[in-house]
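> Provided below: final.cif, containing mmCIF, C-alpha atoms.
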```cif
data_query
#
loop_
_atom_site.label_atom_id
_atom_site.label_comp_id
_atom_site.auth_asym_id
_atom_site.auth_seq_id
_atom_site.Cartn_x
_atom_site.Cartn_y
_atom_site.Cartn_z
CA MET A 1 -9.42 20.59 16.01
CA PHE A 2 -8.63 18.62 19.14
CA GLY A 3 -6.95 19.65 22.38
CA TYR A 4 -9.76 21.58 24.06
CA VAL A 5 -10.96 18.91 26.49
CA THR A 6 -8.21 18.98 29.09
CA ILE A 7 -7.64 19.70 32.77
CA CYS A 8 -7.48 23.02 34.58
CA GLU A 9 -4.23 22.20 36.36
CA PRO A 10 -4.31 24.91 39.10
CA GLU A 11 -7.69 23.64 40.29
CA LEU A 12 -6.69 19.97 40.40
CA LYS A 13 -5.37 18.20 43.51
CA VAL A 14 -1.81 16.88 43.25
CA LYS A 15 -2.92 13.23 43.55
CA ASP A 16 -5.49 13.73 40.77
CA LEU A 17 -2.95 15.46 38.55
CA LYS A 18 -0.67 12.44 38.90
CA LYS A 19 -3.54 10.12 37.98
CA TYR A 20 -4.49 12.25 34.97
CA ARG A 21 -0.91 12.13 33.70
CA ALA A 22 -0.88 8.37 34.24
CA TYR A 23 -3.95 7.99 32.01
CA TYR A 24 -2.39 10.27 29.39
CA CYS A 25 0.95 8.44 29.45
CA GLY A 26 -0.82 5.08 29.35
CA LEU A 27 -2.69 6.08 26.21
CA CYS A 28 0.55 7.34 24.67
CA ARG A 29 2.31 4.04 25.38
CA VAL A 30 -0.52 1.91 23.96
CA LEU A 31 -0.50 4.02 20.81
CA ARG A 32 3.24 3.44 20.44
CA GLU A 33 3.05 -0.29 21.14
CA ASP A 34 0.02 -1.02 18.96
CA TYR A 35 0.41 1.51 16.14
CA GLY A 36 4.04 2.61 16.11
CA PHE A 37 5.47 6.11 16.07
CA MET A 38 2.83 7.44 13.64
CA GLY A 39 0.08 6.16 15.91
CA GLN A 40 1.72 7.85 18.88
CA MET A 41 1.61 11.15 17.00
CA THR A 42 -2.21 11.05 17.05
CA LEU A 43 -2.33 11.34 20.86
CA THR A 44 -4.91 13.89 22.10
CA TYR A 45 -6.12 15.22 25.44
CA ASP A 46 -9.69 14.74 24.24
CA MET A 47 -9.35 10.97 23.97
CA THR A 48 -7.59 10.92 27.35
CA PHE A 49 -10.83 12.38 28.74
CA ALA A 50 -12.75 9.57 27.02
CA VAL A 51 -10.45 6.99 28.67
CA ILE A 52 -11.07 8.42 32.15
CA LEU A 53 -14.83 8.77 31.55
CA LEU A 54 -15.38 5.25 30.24
CA THR A 55 -13.00 3.70 32.79
CA SER A 56 -14.99 5.37 35.56
CA LEU A 57 -18.35 4.39 34.09
CA TYR A 58 -17.50 0.73 33.50
CA GLU A 59 -15.15 0.45 36.48
CA SER A 60 -12.62 -1.25 34.21
CA GLU A 61 -9.79 -3.12 35.90
CA THR A 62 -6.76 -0.90 35.39
CA GLU A 63 -3.11 -1.91 35.49
CA THR A 64 -0.43 0.40 36.82
CA GLU A 65 2.94 0.31 35.07
CA LEU A 66 6.21 2.24 35.27
CA HIS A 67 8.10 3.04 32.07
CA ARG A 68 10.68 5.41 30.66
CA CYS A 69 10.07 7.07 27.31
CA LYS A 70 11.74 9.57 24.98
CA VAL A 71 9.97 12.45 26.70
CA HIS A 72 10.97 11.15 30.15
CA PRO A 73 14.21 9.19 29.60
CA VAL A 74 15.56 9.45 33.16
CA LYS A 75 12.67 8.83 35.53
CA LYS A 76 10.09 6.11 35.01
CA GLN A 77 6.56 7.44 34.64
CA MET A 78 3.41 5.94 36.14
CA MET A 79 1.01 4.75 33.45
CA PHE A 80 -2.56 3.43 33.63
CA ARG A 81 -3.89 1.08 30.96
CA ASN A 82 -6.93 -1.14 30.45
CA GLU A 83 -9.34 -2.24 27.71
CA ILE A 84 -10.67 1.31 27.41
CA THR A 85 -7.14 2.60 26.75
CA SER A 86 -6.87 0.22 23.79
CA TYR A 87 -10.26 1.37 22.50
CA ALA A 88 -9.32 5.07 22.74
CA ALA A 89 -6.01 4.39 20.99
CA ALA A 90 -7.86 2.73 18.12
CA MET A 91 -10.24 5.69 17.84
CA ASN A 92 -7.28 8.12 17.82
CA VAL A 93 -5.72 6.31 14.87
CA LEU A 94 -9.03 5.97 13.05
CA LEU A 95 -9.75 9.70 13.34
CA ALA A 96 -6.30 10.55 12.03
CA TYR A 97 -6.63 8.08 9.15
CA TYR A 98 -9.94 9.46 7.87
CA HIS A 99 -8.79 13.04 8.43
CA MET A 100 -5.73 12.42 6.25
CA GLU A 101 -7.90 10.76 3.64
CA ASP A 102 -10.10 13.87 3.51
CA ASP A 103 -7.04 16.12 3.26
CA TRP A 104 -5.79 14.10 0.30
CA GLN A 105 -9.18 14.07 -1.45
CA ASP A 106 -9.89 17.78 -0.85
CA GLU A 107 -6.46 19.42 -1.08
CA LYS A 108 -4.20 16.71 -2.56
CA LYS A 109 -1.75 17.06 0.32
CA VAL A 110 1.12 14.69 -0.42
CA SER A 111 2.10 14.59 3.27
CA SER A 112 -1.41 13.34 4.16
CA LEU A 113 -1.27 10.66 1.46
CA MET A 114 2.12 9.43 2.68
CA THR A 115 1.09 9.34 6.35
CA LYS A 116 -2.19 7.65 5.48
CA SER A 117 -0.30 4.98 3.56
CA MET A 118 1.95 4.33 6.56
CA ILE A 119 -0.97 3.52 8.88
CA ARG A 120 -3.38 2.02 6.33
CA GLY A 121 -2.86 -1.59 7.39
CA ARG A 122 -3.45 -0.87 11.07
CA ALA A 123 -6.41 1.40 10.28
CA GLU A 124 -8.08 -1.29 8.17
CA ARG A 125 -7.91 -3.70 11.10
CA ILE A 126 -9.56 -1.07 13.33
CA ILE A 127 -12.28 -0.54 10.71
CA GLN A 128 -13.07 -4.25 10.74
CA LYS A 129 -13.20 -4.33 14.53
CA TYR A 130 -15.24 -1.12 15.00
CA PRO A 131 -17.52 -0.77 11.92
CA ARG A 132 -20.08 1.47 13.66
CA GLN A 133 -17.53 4.07 14.76
CA SER A 134 -15.66 3.81 11.47
CA LYS A 135 -18.76 4.49 9.39
CA ALA A 136 -19.74 7.44 11.59
CA ILE A 137 -16.33 9.09 11.23
CA GLN A 138 -16.25 8.56 7.47
CA VAL A 139 -19.81 9.78 6.84
CA CYS A 140 -19.57 12.81 9.14
CA LEU A 141 -16.22 14.01 7.80
CA LYS A 142 -17.49 13.74 4.21
CA GLU A 143 -20.62 15.68 5.13
CA LEU A 144 -18.53 18.32 6.91
CA SER A 145 -16.23 18.57 3.89
CA ARG A 146 -19.24 19.20 1.66
CA TYR A 147 -20.51 22.01 3.89
CA GLU A 148 -17.06 23.57 3.89
CA LYS A 149 -16.90 23.48 0.09
CA GLU A 150 -20.31 25.16 0.02
CA GLN A 151 -18.94 27.84 2.40
CA SER A 152 -21.86 27.16 4.75
CA THR A 153 -22.38 29.64 7.58
CA ASP A 154 -24.96 27.41 9.28
CA ILE A 155 -22.97 26.68 12.43
CA ASP A 156 -25.59 24.24 13.70
CA LYS A 157 -25.16 22.09 10.58
CA THR A 158 -21.38 22.14 10.49
CA ALA A 159 -20.90 21.65 14.22
CA GLY A 160 -23.60 18.98 14.15
CA CYS A 161 -21.45 16.88 11.82
CA PHE A 162 -18.64 16.81 14.32
CA GLY A 163 -21.11 16.23 17.13
CA ARG A 164 -22.48 13.10 15.45
CA LEU A 165 -18.94 11.88 14.92
CA MET A 166 -18.04 12.30 18.59
CA GLU A 167 -21.25 10.74 19.87
CA GLU A 168 -20.36 7.39 18.31
CA LEU A 169 -16.81 7.48 19.71
CA PHE A 170 -18.16 7.99 23.23
CA VAL A 171 -20.30 4.85 22.95
CA TYR A 172 -17.97 2.01 23.85
CA GLN A 173 -20.78 -0.54 23.73
CA GLU A 174 -24.53 -0.54 23.17
CA ASP A 175 -26.06 -0.71 26.64
CA ILE A 176 -28.19 1.27 29.10
CA TRP A 177 -25.63 4.11 29.11
CA ALA A 178 -25.42 4.49 25.33
CA ASP A 179 -28.10 7.21 24.99
CA SER A 180 -26.54 9.45 27.63
CA LEU A 181 -23.05 8.90 26.23
CA ARG A 182 -24.28 9.78 22.75
CA ARG A 183 -25.87 13.02 23.90
CA MET A 184 -22.82 13.87 25.95
CA GLY A 185 -20.50 13.18 23.00
CA PHE A 186 -22.75 15.05 20.56
CA PHE A 187 -22.70 18.32 22.49
CA MET A 188 -19.03 17.89 23.38
CA GLY A 189 -18.28 17.49 19.67
CA LYS A 190 -20.24 20.63 18.80
CA PHE A 191 -18.42 22.52 21.54
CA ILE A 192 -15.02 21.43 20.19
CA TYR A 193 -15.90 22.38 16.61
CA ILE A 194 -17.30 25.80 17.53
CA MET A 195 -14.41 26.59 19.90
CA ASP A 196 -11.94 25.67 17.18
CA ALA A 197 -13.72 27.92 14.67
CA TYR A 198 -13.85 30.75 17.24
CA GLU A 199 -10.13 30.48 17.94
CA ASP A 200 -9.16 30.26 14.25
CA LEU A 201 -11.45 33.01 12.92
CA PRO A 202 -9.01 35.98 13.00
CA GLU A 203 -6.28 33.99 11.22
CA ASP A 204 -8.76 32.45 8.77
CA MET A 205 -10.08 35.89 7.80
CA LYS A 206 -6.54 37.21 7.26
CA LYS A 207 -5.69 34.32 4.95
CA GLY A 208 -9.07 34.15 3.23
CA ARG A 209 -9.83 30.67 4.54
CA TYR A 210 -13.28 29.26 5.18
CA ASN A 211 -14.72 29.65 8.67
CA PRO A 212 -18.40 29.03 9.51
CA LEU A 213 -18.43 31.94 12.00
CA GLU A 214 -17.53 34.60 9.49
CA GLY A 215 -21.20 35.48 9.01
CA LEU A 216 -21.57 36.25 12.72
CA TYR A 217 -18.32 38.16 13.08
CA GLY A 218 -18.68 41.93 13.11
CA GLN A 219 -22.11 41.91 14.70
CA ALA A 220 -22.34 44.03 17.84
CA ASP A 221 -23.18 41.07 20.06
CA TYR A 222 -20.74 38.60 18.46
CA GLU A 223 -18.67 37.92 21.59
CA GLU A 224 -21.76 37.63 23.79
CA ARG A 225 -23.44 35.24 21.36
CA MET A 226 -20.33 33.06 21.07
CA GLN A 227 -20.02 32.76 24.82
CA GLN A 228 -23.71 31.89 25.07
CA ILE A 229 -23.46 29.21 22.35
CA LEU A 230 -20.38 27.63 23.88
CA ARG A 231 -21.91 27.63 27.36
CA MET A 232 -25.05 26.02 26.01
CA MET A 233 -23.09 23.21 24.32
CA ILE A 234 -20.98 22.33 27.34
CA ALA A 235 -23.97 22.66 29.69
CA GLU A 236 -25.89 20.06 27.66
CA SER A 237 -22.89 17.74 27.65
CA THR A 238 -22.31 18.15 31.39
CA ALA A 239 -25.99 17.56 32.16
CA GLU A 240 -25.75 14.15 30.49
CA PHE A 241 -22.54 13.38 32.36
CA GLU A 242 -24.25 13.99 35.70
CA LYS A 243 -26.79 11.27 34.83
CA LEU A 244 -24.02 8.67 34.65
CA PRO A 245 -22.99 6.71 37.78
CA CYS A 246 -19.35 7.79 37.60
CA LEU A 247 -17.62 7.64 41.00
CA VAL A 248 -14.01 6.76 40.22
CA ASP A 249 -11.94 9.86 39.35
CA VAL A 250 -15.08 11.99 39.25
CA ASP A 251 -13.11 15.01 40.53
CA ILE A 252 -10.84 14.82 37.48
CA LEU A 253 -13.82 14.53 35.14
CA ARG A 254 -15.62 17.48 36.71
CA ASN A 255 -12.42 19.55 36.64
CA ILE A 256 -12.25 19.00 32.88
CA LEU A 257 -15.94 19.59 32.18
CA TYR A 258 -16.47 22.63 34.39
CA ASP A 259 -13.06 24.32 34.16
CA GLY A 260 -10.58 22.70 31.78
CA VAL A 261 -12.67 23.03 28.62
CA TRP A 262 -12.48 26.83 29.07
CA ASN A 263 -8.67 27.01 29.15
CA ARG A 264 -8.29 28.06 25.53
CA TYR A 265 -11.29 30.40 25.64
CA ASN A 266 -9.81 32.21 28.64
CA THR A 267 -6.45 32.46 26.89
CA ILE A 268 -8.13 33.98 23.85
CA GLN A 269 -9.89 36.57 26.01
CA MET A 270 -6.66 37.49 27.78
CA LYS A 271 -4.94 37.96 24.43
CA LYS A 272 -7.76 40.16 23.14
CA SER A 273 -7.65 42.24 26.31
CA GLU A 274 -3.90 42.78 25.96
CA GLU A 275 -4.27 43.77 22.31
CA GLN A 276 -6.94 46.33 23.21
CA LYS A 277 -4.67 47.84 25.85
#
```
In structure tokens, how does this file's structure come out?

Amino acid sequence: MFGYVTICEPELKVKDLKKYRAYYCGLCRVLREDYGFMGQMTLTYDMTFAVILLTSLYESETETELHRCKVHPVKKQMMFRNEITSYAAAMNVLLAYYHMEDDWQDEKKVSSLMTKSMIRGRAERIIQKYPRQSKAIQVCLKELSRYEKEQSTDIDKTAGCFGRLMEELFVYQEDIWADSLRRMGFFMGKFIYIMDAYEDLPEDMKKGRYNPLEGLYGQADYEERMQQILRMMIAESTAEFEKLPCLVDVDILRNILYDGVWNRYNTIQMKKSEEQK
């Protein structure tokens, strides 16, 4: 469900692209150091965005490091890391842990049970350190699972679950920025959920899998309505972002919010156009 909140590379300056990659690689390294290989596997572009956003907002002191890794074994890569990087890494692992728990409870996936067992100890320490975020993830995923079992076609309800989950992850600490961060995270979460459902719908229908958009599909204005809904969600999220006093790396953040989030949507439209031809 993740991977939608990323950069639009052609529209990004070279210096900003290098910085974005440094944030991404920094998050990857912290995941590996703190949570091992399985933690590293939870890396997402979406949480990289959270690192850049919260680092900019709180003007966190950031260290620059150079490291080789398995992906880049020859040349050392620039990596940024700070307290926000550690927070985002913890949230990555926590999301993966509860997602695997849901998979085991709902579908009895042995692979999910095994992976969950491998990171249980680390996840329990995160739960103790971040009880608010932990409870939000657990409650929202259970609620979402219930709606899916009920085959709900109420997209506002289902997407709202994921929105409430994301709003708590965006709030690093309770302060004057918490309300704006919550609203920004809420609408970003709804956008991610709806975009994921939109992308998966054709395959889900072929395989007879649940998708909350199935009730809308086939209507004459389906594509127009989906574009309108998605634009509304990201517009609300972006409006809250513009209220925040973010100055550092603001060009990267705006690139993601105004262009990058539409990468997958544009790819889907190109594919549909080619199929029609």
> Evaluate the PyMOL selection byres ((chain A and resi 20-31) around 6) here and jot the selected residues down as a PyMOL selection string.
chain A and resi 17-19+32-35+39-40+48+78-81+85+89
> List the neighbours of Met232 of chain A out to 9 Å using all atoms listed in the file; skip same-chain residues closer than 5 positions along the sequence, and give me the result as a list in words.
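After dropping sequence-adjacent residues, the list is Phe187, Phe191, Gln227 and Ser237 of chain A.
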> Which neighbours of segment 197-201 of chain A fall inside 12 Å, counting all atoms listed in the file, when residues of the same chain fewer than 3 positions from it are skipped, and could you give them as number ranges by chain?
A: 1-2, 4, 153, 155, 158-159, 190-194, 204-218, 222-223, 225-227, 229-230, 262-269, 271-272
> Compile the contact shell of Ala88 of chain A as number ranges by chain: residues with an atom at most 9 Å away, counting all atoms listed in the file, same-chain residues fewer than 4 positions apart removed.
A: 27, 47-48, 50-51, 83-84, 92-93, 169
> Report as an NGL selection string the residues that result from applying the PyMOL selection byres ((chain A and resi 94) around 9) to the structure here.
:A and (89-93 or 95-99 or 123-124 or 126-127 or 133-134 or 137)
> Counting all atoms listed in the file, which of A:Leu12, A:Lys70, A:Asn82, A:Asp179 gets nearest to Phe37 of chain A?
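Of the candidates, the smallest distance to Phe37 of chain A is held by A:Lys70.
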> Measuring atom to atom with only C-alpha atoms, identify which of A:Val261, A:Leu244, A:Val171, A:Leu165 is nearest to Gly189 of chain A.
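Under the stated criterion, the closest residue is A:Leu165.
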> Excluding same-chain residues fewer than 2 positions from Glu240 of chain A, what lies within 8 Å of it counting all atoms listed in the file, as a list in words?
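My reading of the contact set: Ser180, Leu181, Arg183, Met184, Glu236, Ser237, Thr238, Glu242, Lys243 and Leu244 of chain A.
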> For a test of reading the model, state the distance in Å between atom CA of Met166 of chain A and atom CA of Ser60 of chain A, rounded to one decimal.
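Taking atom CA of Met166 of chain A as the start and atom CA of Ser60 of chain A as the end point, the length is 21.4 Å.
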> In Å, rounded to a single decimal, give me how far atom CA of Cys69 of chain A is from atom CA of Met38 of chain A.
15.5 Å
> Using only C-alpha atoms, determine which residues lie at most 12 Å from Gln173 of chain A, disregarding the query and same-chain residues fewer than 3 positions distant; provide the list as a ChimeraX atom specification.
/A:54,57-58,84,87,130,132-133,167-170,176-179,181-182
> At what distance in Å, to one decimal, does atom CA of Cys246 of chain A lie from atom CA of Leu53 of chain A?
7.6 Å
> In terms of the shortest atom-to-atom distance over all atoms listed in the file, which of A:Gln276, A:Gln219, A:Asp46, A:Leu141 is closest to Leu257 of chain A?
A:Asp46
> Where's the centre, and what are the edge lengths in Å to one decimal, of a box along x, y and z enclosing all listed atoms of segment 24-32 of chain A padded 6 Å per side, as JSON?

```
{"center_x": 0.3, "center_y": 6.1, "center_z": 24.9, "size_x": 17.9, "size_y": 20.4, "size_z": 21.0}
```
> With distances taken over all atoms listed in the file, which of A:Gly160, A:Gly36, A:Gly185, A:Pro73 is nearest to Gly121 of chain A?
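So, comparing all the options, the nearest one is A:Gly36.
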> What would segment 65-76 of chain A look like with all heavy atoms restored, written as a compact mmCIF listing (two decimals), in the frame of the given file?

```
# COMPACT_ATOMS: atom_id res chain seq x y z
N GLU A 65 1.61 0.68 35.54
CA GLU A 65 2.94 0.31 35.07
C GLU A 65 3.89 1.49 35.22
O GLU A 65 3.45 2.65 35.33
CB GLU A 65 2.89 -0.12 33.59
CG GLU A 65 1.96 -1.30 33.33
CD GLU A 65 1.86 -1.63 31.85
OE1 GLU A 65 2.45 -0.87 31.03
OE2 GLU A 65 1.20 -2.62 31.51
N LEU A 66 5.18 1.20 35.23
CA LEU A 66 6.21 2.24 35.27
C LEU A 66 7.12 2.06 34.06
O LEU A 66 7.66 0.97 33.85
CB LEU A 66 7.02 2.16 36.57
CG LEU A 66 6.29 2.51 37.87
CD1 LEU A 66 7.16 2.17 39.07
CD2 LEU A 66 5.91 3.99 37.88
N HIS A 67 7.27 3.13 33.27
CA HIS A 67 8.10 3.04 32.07
C HIS A 67 8.84 4.35 31.83
O HIS A 67 8.36 5.42 32.19
CB HIS A 67 7.24 2.75 30.83
CG HIS A 67 6.57 1.41 30.86
ND1 HIS A 67 7.24 0.24 30.63
CD2 HIS A 67 5.27 1.08 31.08
CE1 HIS A 67 6.39 -0.78 30.71
NE2 HIS A 67 5.19 -0.29 30.99
N ARG A 68 10.00 4.23 31.20
CA ARG A 68 10.68 5.41 30.66
C ARG A 68 10.23 5.60 29.21
O ARG A 68 9.77 4.66 28.57
CB ARG A 68 12.19 5.24 30.71
CG ARG A 68 12.79 5.20 32.11
CD ARG A 68 14.31 5.18 32.06
NE ARG A 68 14.89 5.12 33.40
CZ ARG A 68 15.18 3.99 34.03
NH1 ARG A 68 14.93 2.82 33.45
NH2 ARG A 68 15.71 4.03 35.24
N CYS A 69 10.38 6.81 28.71
CA CYS A 69 10.07 7.07 27.31
C CYS A 69 10.99 8.18 26.81
O CYS A 69 11.79 8.71 27.57
CB CYS A 69 8.60 7.47 27.14
SG CYS A 69 8.16 8.99 28.01
N LYS A 70 10.87 8.53 25.55
CA LYS A 70 11.74 9.57 24.98
C LYS A 70 11.51 10.93 25.64
O LYS A 70 12.43 11.73 25.77
CB LYS A 70 11.51 9.67 23.47
CG LYS A 70 12.08 8.50 22.69
CD LYS A 70 11.93 8.69 21.20
CE LYS A 70 12.57 7.53 20.43
NZ LYS A 70 12.43 7.70 18.97
N VAL A 71 10.29 11.18 26.04
CA VAL A 71 9.97 12.45 26.70
C VAL A 71 10.51 12.45 28.13
O VAL A 71 10.95 13.48 28.64
CB VAL A 71 8.45 12.70 26.70
CG1 VAL A 71 8.12 14.02 27.40
CG2 VAL A 71 7.92 12.74 25.26
N HIS A 72 10.49 11.29 28.77
CA HIS A 72 10.97 11.15 30.15
C HIS A 72 12.00 10.02 30.21
O HIS A 72 11.71 8.92 30.70
CB HIS A 72 9.81 10.85 31.11
CG HIS A 72 8.71 11.85 31.06
ND1 HIS A 72 7.55 11.63 30.35
CD2 HIS A 72 8.59 13.09 31.61
CE1 HIS A 72 6.75 12.68 30.48
NE2 HIS A 72 7.36 13.58 31.24
N PRO A 73 13.20 10.27 29.70
CA PRO A 73 14.21 9.19 29.60
C PRO A 73 14.87 8.82 30.92
O PRO A 73 15.44 7.73 31.03
CB PRO A 73 15.24 9.78 28.62
CG PRO A 73 15.13 11.26 28.83
CD PRO A 73 13.68 11.54 29.12
N VAL A 74 14.84 9.70 31.91
CA VAL A 74 15.56 9.45 33.16
C VAL A 74 14.68 8.75 34.19
O VAL A 74 15.03 7.68 34.71
CB VAL A 74 16.11 10.77 33.75
CG1 VAL A 74 16.82 10.50 35.07
CG2 VAL A 74 17.06 11.44 32.76
N LYS A 75 13.55 9.36 34.48
CA LYS A 75 12.67 8.83 35.53
C LYS A 75 11.50 8.07 34.93
O LYS A 75 10.84 8.55 34.01
CB LYS A 75 12.15 9.99 36.38
CG LYS A 75 11.32 9.54 37.58
CD LYS A 75 10.85 10.75 38.39
CE LYS A 75 9.99 10.32 39.56
NZ LYS A 75 9.51 11.48 40.34
N LYS A 76 11.24 6.89 35.47
CA LYS A 76 10.09 6.11 35.01
C LYS A 76 8.79 6.82 35.38
O LYS A 76 8.66 7.38 36.46
CB LYS A 76 10.12 4.72 35.64
CG LYS A 76 11.20 3.80 35.09
CD LYS A 76 11.09 2.40 35.68
CE LYS A 76 12.13 1.47 35.08
NZ LYS A 76 12.02 0.10 35.62
```
